[in-house]
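This is data.pdb. It holds PDB, C-alpha atoms, pLDDT in the B column.
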MODEL        1
ATOM      1  CA  MET A  27      17.878 -78.195   6.788  1.00 80.00           C
ATOM      2  CA  LEU A  28      21.362 -79.117   7.986  1.00 80.00           C
ATOM      3  CA  PRO A  29      22.313 -81.385   5.031  1.00 80.00           C
ATOM      4  CA  ARG A  30      21.212 -78.661   2.621  1.00 80.00           C
ATOM      5  CA  LEU A  31      23.309 -76.085   4.472  1.00 81.00           C
ATOM      6  CA  TYR A  32      26.322 -78.414   4.354  1.00 81.00           C
ATOM      7  CA  ARG A  33      25.950 -78.837   0.568  1.00 80.00           C
ATOM      8  CA  ARG A  34      25.706 -75.088   0.046  1.00 81.00           C
ATOM      9  CA  ALA A  35      28.590 -74.412   2.434  1.00 81.00           C
ATOM     10  CA  VAL A  36      30.832 -76.751   0.406  1.00 80.00           C
ATOM     11  CA  MET A  37      30.044 -74.626  -2.647  1.00 80.00           C
ATOM     12  CA  LEU A  38      30.990 -71.471  -0.769  1.00 79.00           C
ATOM     13  CA  ALA A  39      33.977 -72.757   1.199  1.00 77.00           C
ATOM     14  CA  GLY A  40      35.462 -75.046  -1.438  1.00 77.00           C
ATOM     15  CA  SER A  41      36.192 -78.103   0.696  1.00 74.00           C
ATOM     16  CA  ARG A  42      34.252 -80.391   2.978  1.00 80.00           C
ATOM     17  CA  GLN A  43      36.352 -79.604   6.036  1.00 77.00           C
ATOM     18  CA  SER A  44      36.021 -75.859   5.538  1.00 80.00           C
ATOM     19  CA  ALA A  45      32.290 -76.260   5.000  1.00 82.00           C
ATOM     20  CA  GLU A  46      31.932 -78.195   8.241  1.00 83.00           C
ATOM     21  CA  ASP A  47      33.775 -75.419  10.060  1.00 83.00           C
ATOM     22  CA  VAL A  48      31.593 -72.774   8.422  1.00 85.00           C
ATOM     23  CA  VAL A  49      28.347 -74.551   9.303  1.00 87.00           C
ATOM     24  CA  HIS A  50      29.560 -75.127  12.865  1.00 85.00           C
ATOM     25  CA  GLU A  51      30.424 -71.443  13.292  1.00 85.00           C
ATOM     26  CA  ALA A  52      27.061 -70.482  11.798  1.00 87.00           C
ATOM     27  CA  TYR A  53      25.333 -72.849  14.213  1.00 86.00           C
ATOM     28  CA  LEU A  54      27.109 -71.206  17.140  1.00 88.00           C
ATOM     29  CA  LYS A  55      25.961 -67.791  15.934  1.00 87.00           C
ATOM     30  CA  LEU A  56      22.383 -69.001  15.487  1.00 85.00           C
ATOM     31  CA  ALA A  57      22.388 -70.768  18.852  1.00 83.00           C
ATOM     32  CA  ALA A  58      23.372 -67.528  20.570  1.00 82.00           C
ATOM     33  CA  ARG A  59      19.995 -66.005  19.584  1.00 84.00           C
ATOM     34  CA  PRO A  60      17.589 -68.884  18.895  1.00 80.00           C
ATOM     35  CA  GLN A  61      14.501 -66.696  19.254  1.00 82.00           C
ATOM     36  CA  ARG A  62      15.535 -64.661  16.181  1.00 80.00           C
ATOM     37  CA  PHE A  63      16.079 -67.802  14.128  1.00 79.00           C
ATOM     38  CA  LEU A  64      12.804 -69.412  15.178  1.00 78.00           C
ATOM     39  CA  ALA A  65      10.797 -66.220  14.662  1.00 81.00           C
ATOM     40  CA  HIS A  66      12.108 -65.656  11.128  1.00 84.00           C
ATOM     41  CA  PRO A  67       9.537 -66.399   8.383  1.00 82.00           C
ATOM     42  CA  GLU A  68      12.150 -68.323   6.335  1.00 83.00           C
ATOM     43  CA  PRO A  69      14.570 -70.116   8.670  1.00 83.00           C
ATOM     44  CA  TYR A  70      16.617 -71.587   5.797  1.00 85.00           C
ATOM     45  CA  ALA A  71      17.184 -68.137   4.324  1.00 86.00           C
ATOM     46  CA  TYR A  72      18.244 -66.828   7.733  1.00 84.00           C
ATOM     47  CA  ALA A  73      20.621 -69.765   8.254  1.00 86.00           C
ATOM     48  CA  PHE A  74      22.003 -69.465   4.706  1.00 87.00           C
ATOM     49  CA  THR A  75      22.741 -65.775   5.247  1.00 86.00           C
ATOM     50  CA  THR A  76      24.615 -66.675   8.426  1.00 87.00           C
ATOM     51  CA  VAL A  77      26.575 -69.398   6.588  1.00 86.00           C
ATOM     52  CA  LEU A  78      27.399 -66.936   3.808  1.00 87.00           C
ATOM     53  CA  ASN A  79      28.653 -64.331   6.296  1.00 83.00           C
ATOM     54  CA  VAL A  80      30.784 -66.888   8.153  1.00 85.00           C
ATOM     55  CA  ALA A  81      32.236 -68.192   4.863  1.00 84.00           C
ATOM     56  CA  ARG A  82      33.103 -64.652   3.773  1.00 81.00           C
ATOM     57  CA  ASP A  83      34.757 -63.914   7.120  1.00 77.00           C
ATOM     58  CA  ALA A  84      36.739 -67.175   6.939  1.00 77.00           C
ATOM     59  CA  HIS A  85      37.840 -66.377   3.393  1.00 76.00           C
ATOM     60  CA  ARG A  86      39.027 -62.924   4.428  1.00 76.00           C
ATOM     61  CA  LYS A  87      40.881 -64.413   7.386  1.00 73.00           C
ATOM     62  CA  ASP A  88      42.541 -67.098   5.237  1.00 69.00           C
ATOM     63  CA  ARG A  89      43.519 -64.550   2.608  1.00 66.00           C
ATOM     64  CA  ARG A  90      45.576 -62.646   5.184  1.00 66.00           C
ATOM     65  CA  GLN A  91      47.634 -65.717   6.097  1.00 64.00           C
ATOM     66  CA  VAL A  92      50.986 -66.239   4.408  1.00 60.00           C
ATOM     67  CA  LEU A  93      51.943 -69.687   3.131  1.00 58.00           C
ATOM     68  CA  VAL A  94      55.336 -71.228   3.838  1.00 56.00           C
ATOM     69  CA  ASP A  95      57.426 -71.826   0.684  1.00 55.00           C
ATOM     70  CA  ALA A  96      58.031 -75.491   1.463  1.00 46.00           C
ATOM     71  CA  MET A  97      54.307 -76.173   1.784  1.00 46.00           C
ATOM     72  CA  GLU A  98      53.477 -74.602  -1.604  1.00 47.00           C
ATOM     73  CA  GLY A  99      55.477 -77.270  -3.440  1.00 46.00           C
ATOM     74  CA  VAL A 100      53.703 -80.063  -1.571  1.00 45.00           C
ATOM     75  CA  GLU A 101      50.235 -78.615  -2.303  1.00 46.00           C
ATOM     76  CA  GLU A 102      50.962 -78.172  -6.013  1.00 47.00           C
ATOM     77  CA  ALA A 103      52.179 -81.761  -6.360  1.00 44.00           C
ATOM     78  CA  GLY A 104      49.080 -83.077  -4.559  1.00 44.00           C
ATOM     79  CA  ALA A 105      46.690 -81.039  -6.715  1.00 43.00           C
ATOM     80  CA  GLY A 106      48.327 -82.195  -9.940  1.00 42.00           C
ATOM     81  CA  GLY A 107      48.128 -85.862  -8.969  1.00 42.00           C
ATOM     82  CA  ALA A 108      44.467 -85.625  -7.988  1.00 42.00           C
ATOM     83  CA  GLY A 109      43.497 -83.868 -11.217  1.00 41.00           C
ATOM     84  CA  GLY A 110      45.194 -86.454 -13.401  1.00 41.00           C
ATOM     85  CA  GLY A 111      43.517 -89.339 -11.599  1.00 42.00           C
ATOM     86  CA  ALA A 112      40.055 -87.810 -11.956  1.00 41.00           C
ATOM     87  CA  GLY A 113      40.513 -87.335 -15.697  1.00 42.00           C
ATOM     88  CA  VAL A 114      41.531 -90.959 -16.183  1.00 42.00           C
ATOM     89  CA  GLY A 115      38.484 -92.199 -14.268  1.00 43.00           C
ATOM     90  CA  LEU A 116      36.137 -90.105 -16.381  1.00 42.00           C
ATOM     91  CA  GLY A 117      37.417 -91.342 -19.704  1.00 45.00           C
ATOM     92  CA  ALA A 118      37.140 -95.014 -18.764  1.00 45.00           C
ATOM     93  CA  GLY A 119      33.362 -95.156 -18.233  1.00 45.00           C
ATOM     94  CA  SER A 120      32.068 -92.762 -20.869  1.00 51.00           C
ATOM     95  CA  GLY A 121      29.063 -94.881 -21.926  1.00 59.00           C
ATOM     96  CA  ASP A 122      28.325 -96.951 -18.812  1.00 68.00           C
ATOM     97  CA  TRP A 123      27.518 -96.096 -15.235  1.00 73.00           C
ATOM     98  CA  ASP A 124      30.755 -95.061 -13.584  1.00 76.00           C
ATOM     99  CA  GLY A 125      29.748 -95.366  -9.940  1.00 74.00           C
ATOM    100  CA  GLY A 126      29.029 -91.656  -9.600  1.00 76.00           C
ATOM    101  CA  VAL A 127      32.532 -90.502 -10.542  1.00 82.00           C
ATOM    102  CA  GLU A 128      31.318 -88.224 -13.335  1.00 83.00           C
ATOM    103  CA  ARG A 129      28.655 -86.665 -11.110  1.00 81.00           C
ATOM    104  CA  ARG A 130      31.198 -86.095  -8.334  1.00 81.00           C
ATOM    105  CA  HIS A 131      33.589 -84.558 -10.850  1.00 82.00           C
ATOM    106  CA  ALA A 132      30.817 -82.212 -12.012  1.00 81.00           C
ATOM    107  CA  GLU A 133      30.082 -81.233  -8.399  1.00 80.00           C
ATOM    108  CA  LEU A 134      33.762 -80.517  -7.755  1.00 82.00           C
ATOM    109  CA  GLU A 135      33.953 -78.462 -10.949  1.00 83.00           C
ATOM    110  CA  ALA A 136      30.900 -76.449  -9.857  1.00 83.00           C
ATOM    111  CA  VAL A 137      32.491 -75.844  -6.457  1.00 83.00           C
ATOM    112  CA  ARG A 138      35.734 -74.779  -8.145  1.00 85.00           C
ATOM    113  CA  LEU A 139      33.926 -72.355 -10.441  1.00 86.00           C
ATOM    114  CA  LEU A 140      31.808 -70.908  -7.630  1.00 87.00           C
ATOM    115  CA  GLY A 141      34.997 -70.466  -5.619  1.00 86.00           C
ATOM    116  CA  ARG A 142      36.315 -68.110  -8.295  1.00 89.00           C
ATOM    117  CA  LEU A 143      33.335 -65.775  -7.749  1.00 90.00           C
ATOM    118  CA  SER A 144      32.928 -63.275  -4.952  1.00 90.00           C
ATOM    119  CA  HIS A 145      30.881 -64.472  -1.990  1.00 88.00           C
ATOM    120  CA  ARG A 146      27.959 -62.245  -2.952  1.00 91.00           C
ATOM    121  CA  GLN A 147      27.974 -63.490  -6.525  1.00 92.00           C
ATOM    122  CA  ALA A 148      28.230 -67.121  -5.424  1.00 91.00           C
ATOM    123  CA  GLY A 149      25.471 -66.592  -2.863  1.00 91.00           C
ATOM    124  CA  ILE A 150      23.084 -65.106  -5.413  1.00 92.00           C
ATOM    125  CA  VAL A 151      23.818 -67.885  -7.932  1.00 92.00           C
ATOM    126  CA  ILE A 152      23.239 -70.551  -5.277  1.00 90.00           C
ATOM    127  CA  LEU A 153      19.994 -68.999  -4.077  1.00 91.00           C
ATOM    128  CA  VAL A 154      18.502 -68.282  -7.506  1.00 91.00           C
ATOM    129  CA  ASP A 155      19.881 -71.010  -9.747  1.00 89.00           C
ATOM    130  CA  LEU A 156      20.286 -73.899  -7.312  1.00 85.00           C
ATOM    131  CA  ASP A 157      17.740 -73.269  -4.550  1.00 87.00           C
ATOM    132  CA  GLY A 158      15.022 -71.839  -6.824  1.00 88.00           C
ATOM    133  CA  TYR A 159      14.455 -68.491  -5.129  1.00 92.00           C
ATOM    134  CA  THR A 160      13.397 -65.519  -7.232  1.00 93.00           C
ATOM    135  CA  ILE A 161      15.682 -62.511  -7.632  1.00 94.00           C
ATOM    136  CA  ASP A 162      13.426 -60.546  -5.266  1.00 94.00           C
ATOM    137  CA  GLN A 163      13.580 -63.255  -2.594  1.00 92.00           C
ATOM    138  CA  ALA A 164      17.334 -63.670  -2.976  1.00 92.00           C
ATOM    139  CA  ALA A 165      17.824 -59.896  -2.711  1.00 94.00           C
ATOM    140  CA  LYS A 166      15.791 -59.858   0.482  1.00 92.00           C
ATOM    141  CA  ILE A 167      17.801 -62.775   1.909  1.00 89.00           C
ATOM    142  CA  MET A 168      21.101 -61.149   0.974  1.00 90.00           C
ATOM    143  CA  LYS A 169      19.835 -57.771   2.250  1.00 91.00           C
ATOM    144  CA  VAL A 170      20.581 -55.937  -0.986  1.00 93.00           C
ATOM    145  CA  HIS A 171      18.405 -54.097  -3.492  1.00 95.00           C
ATOM    146  CA  ARG A 172      16.792 -56.180  -6.234  1.00 94.00           C
ATOM    147  CA  GLY A 173      18.866 -54.420  -8.904  1.00 95.00           C
ATOM    148  CA  THR A 174      22.075 -55.134  -7.008  1.00 94.00           C
ATOM    149  CA  ALA A 175      21.174 -58.812  -6.731  1.00 94.00           C
ATOM    150  CA  ALA A 176      20.339 -58.983 -10.440  1.00 95.00           C
ATOM    151  CA  ARG A 177      23.604 -57.241 -11.326  1.00 95.00           C
ATOM    152  CA  HIS A 178      25.638 -59.598  -9.100  1.00 95.00           C
ATOM    153  CA  ARG A 179      23.911 -62.607 -10.690  1.00 95.00           C
ATOM    154  CA  ALA A 180      24.423 -61.332 -14.235  1.00 95.00           C
ATOM    155  CA  ARG A 181      28.104 -60.639 -13.613  1.00 95.00           C
ATOM    156  CA  ALA A 182      28.521 -64.021 -11.919  1.00 94.00           C
ATOM    157  CA  LEU A 183      26.914 -65.856 -14.836  1.00 93.00           C
ATOM    158  CA  ASP A 184      29.076 -63.904 -17.295  1.00 94.00           C
ATOM    159  CA  ARG A 185      32.205 -64.853 -15.351  1.00 93.00           C
ATOM    160  CA  LEU A 186      31.111 -68.495 -15.159  1.00 90.00           C
ATOM    161  CA  ARG A 187      30.512 -68.580 -18.906  1.00 90.00           C
ATOM    162  CA  ALA A 188      33.944 -67.033 -19.507  1.00 90.00           C
ATOM    163  CA  TYR A 189      35.580 -69.627 -17.237  1.00 87.00           C
ATOM    164  CA  LEU A 190      33.835 -72.435 -19.093  1.00 84.00           C
ATOM    165  CA  VAL A 191      34.988 -71.125 -22.464  1.00 84.00           C
ATOM    166  CA  GLU A 192      38.567 -70.882 -21.154  1.00 82.00           C
ATOM    167  CA  SER A 193      38.583 -74.383 -19.684  1.00 74.00           C
ATOM    168  CA  ASP A 194      39.317 -77.526 -21.642  1.00 60.00           C
ATOM    169  CA  HIS A 195      35.884 -78.869 -20.702  1.00 55.00           C
ATOM    170  CA  GLY A 196      34.213 -75.834 -22.254  1.00 49.00           C
ATOM    171  CA  ARG A 197      36.153 -76.227 -25.506  1.00 55.00           C
ATOM    172  CA  ALA A 198      35.365 -79.944 -25.666  1.00 55.00           C
ATOM    173  CA  GLY A 199      31.658 -79.266 -25.083  1.00 54.00           C
ATOM    174  CA  ARG A 200      31.472 -76.832 -27.995  1.00 50.00           C
TER     175      ARG A 200
ENDMDL
END

File written out as structure tokens:
Amino acid sequence: MLPRLYRRAVMLAGSRQSAEDVVHEAYLKLAARPQRFLAHPEPYAYAFTTVLNVARDAHRKDRRQVLVDAMEGVEEAGAGGAGGGAGVGLGAGSGDWDGGVERRHAELEAVRLLGRLSHRQAGIVILVDLDGYTIDQAAKIMKVHRGTAARHRARALDRLRAYLVESDHGRAGR
């Protein structure tokens, strides 16, 4: 269950390091009351809900922090260099196996797009579209009404479609 939680936490947190922190914090919360976790009929759902709550709390905490001006310039330069290198690697092996670069790029793009959604929207999309739960099961896991879960999913999918149309990859795919 732990590798699956790590993969889902990366989608929620946006980076591997943040995901490791989120899963660790979730583990500490679950370890505080192991009888609740073990007695739950769906332990993964219980653990995922904990990971989602920790990720949301971490996001709120990070949002309140103020960046230093000098660090913003460094981060922007690093992000631009990484994006250009990934694009070059993708174009080189368009027909042959590229060593997993294209798949990794797709995973990073999915993480980036999920990061633009609210935590509830991302959680519902992950549960329903990636983990295969039904809307009813996802609503129960997220502790919301079925209609609320369906509305969050519909809005999330609409936003994801809009982001894809806006992006260069979406235009190239059409």

Quiz prompt | Shell of 8 Å around stretch 67-72 of chain A, all atoms listed in the file, local chain residues under 3 positions omitted, as a list in words | solution =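 Contacts, with the query itself left out: Met27, Phe63, Leu64, Thr75, Thr76 and Ile167 of chain A.
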
Using only C-alpha atoms, please write the residues we just selected to a file, as a PDB file, in the coordinates of the input.
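For reference, again-v5.pdb as written:
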ATOM      1  CA  MET A  27      17.878 -78.195   6.788  1.00 80.00           C
ATOM      2  CA  PHE A  63      16.079 -67.802  14.128  1.00 79.00           C
ATOM      3  CA  LEU A  64      12.804 -69.412  15.178  1.00 78.00           C
ATOM      4  CA  THR A  75      22.741 -65.775   5.247  1.00 86.00           C
ATOM      5  CA  THR A  76      24.615 -66.675   8.426  1.00 87.00           C
ATOM      6  CA  ILE A 167      17.801 -62.775   1.909  1.00 89.00           C
TER       7      ILE A 167
END

Practice problem: For A:Arg30, please output as a PyMOL selection string all residues within 10 Å (counting only C-alpha atoms; exclusion window: fewer than 4 positions along the same chain). | Solution: chain A and resi 34-35+70+74+157

Practice problem: Rank A:Leu186, A:Ala164, A:Ala57, A:Val36 by their smallest atom-to-atom distance to A:Arg146, using only C-alpha atoms, and report the top residue only. | Solution: A:Ala164

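Going from atom CA of A:Val137 over to atom CA of A:Leu38, you cover 7.3 Å.
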
Would you kindly return, as an mmCIF file with C-alpha atoms, in the frame of the given file, each protein, DNA or RNA residue with an atom no farther than 9 Å from any atom of stretch 174-182 of chain A, considering all atoms listed in the file and excluding same-chain residues fewer than 3 positions away?
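selection.cif was written with the following content:
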data_model
loop_
_atom_site.group_PDB
_atom_site.id
_atom_site.type_symbol
_atom_site.label_atom_id
_atom_site.label_comp_id
_atom_site.auth_asym_id
_atom_site.auth_seq_id
_atom_site.Cartn_x
_atom_site.Cartn_y
_atom_site.Cartn_z
ATOM 1 C CA LEU A 140 31.808 -70.908 -7.630
ATOM 2 C CA LEU A 143 33.335 -65.775 -7.749
ATOM 3 C CA SER A 144 32.928 -63.275 -4.952
ATOM 4 C CA ARG A 146 27.959 -62.245 -2.952
ATOM 5 C CA GLN A 147 27.974 -63.490 -6.525
ATOM 6 C CA ALA A 148 28.230 -67.121 -5.424
ATOM 7 C CA GLY A 149 25.471 -66.592 -2.863
ATOM 8 C CA ILE A 150 23.084 -65.106 -5.413
ATOM 9 C CA VAL A 151 23.818 -67.885 -7.932
ATOM 10 C CA VAL A 154 18.502 -68.282 -7.506
ATOM 11 C CA ILE A 161 15.682 -62.511 -7.632
ATOM 12 C CA ASP A 162 13.426 -60.546 -5.266
ATOM 13 C CA ALA A 164 17.334 -63.670 -2.976
ATOM 14 C CA ALA A 165 17.824 -59.896 -2.711
ATOM 15 C CA MET A 168 21.101 -61.149 0.974
ATOM 16 C CA VAL A 170 20.581 -55.937 -0.986
ATOM 17 C CA HIS A 171 18.405 -54.097 -3.492
ATOM 18 C CA ARG A 185 32.205 -64.853 -15.351
ATOM 19 C CA LEU A 186 31.111 -68.495 -15.159
ATOM 20 C CA ARG A 187 30.512 -68.580 -18.906
#

Exercise. Go ahead and compute the interatomic distance for atom CA of A:Ala52 and atom CA of A:Asn79, in Å to one decimal.
Key: 8.4 Å

Self-check item: atom CA of A:Arg59 to atom CA of A:Lys87, straight-line distance in Å
Solution: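 Atom-to-atom, atom CA of A:Lys87 and atom CA of A:Arg59 are spaced 24.2 Å apart.
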
Quiz item: Hey, what comes out of the PyMOL selection byres ((chain A and resi 49) around 9) on this file? Could you write it as number ranges by chain?
Solution: A: 28, 31-32, 35, 44-48, 50-54, 76-77, 80-81

Exercise. Would you please work out which residue, of A:Leu190, A:Leu183, A:Leu78, A:Leu56, is nearest to A:Glu135 when using only C-alpha atoms?
Key: A:Leu190
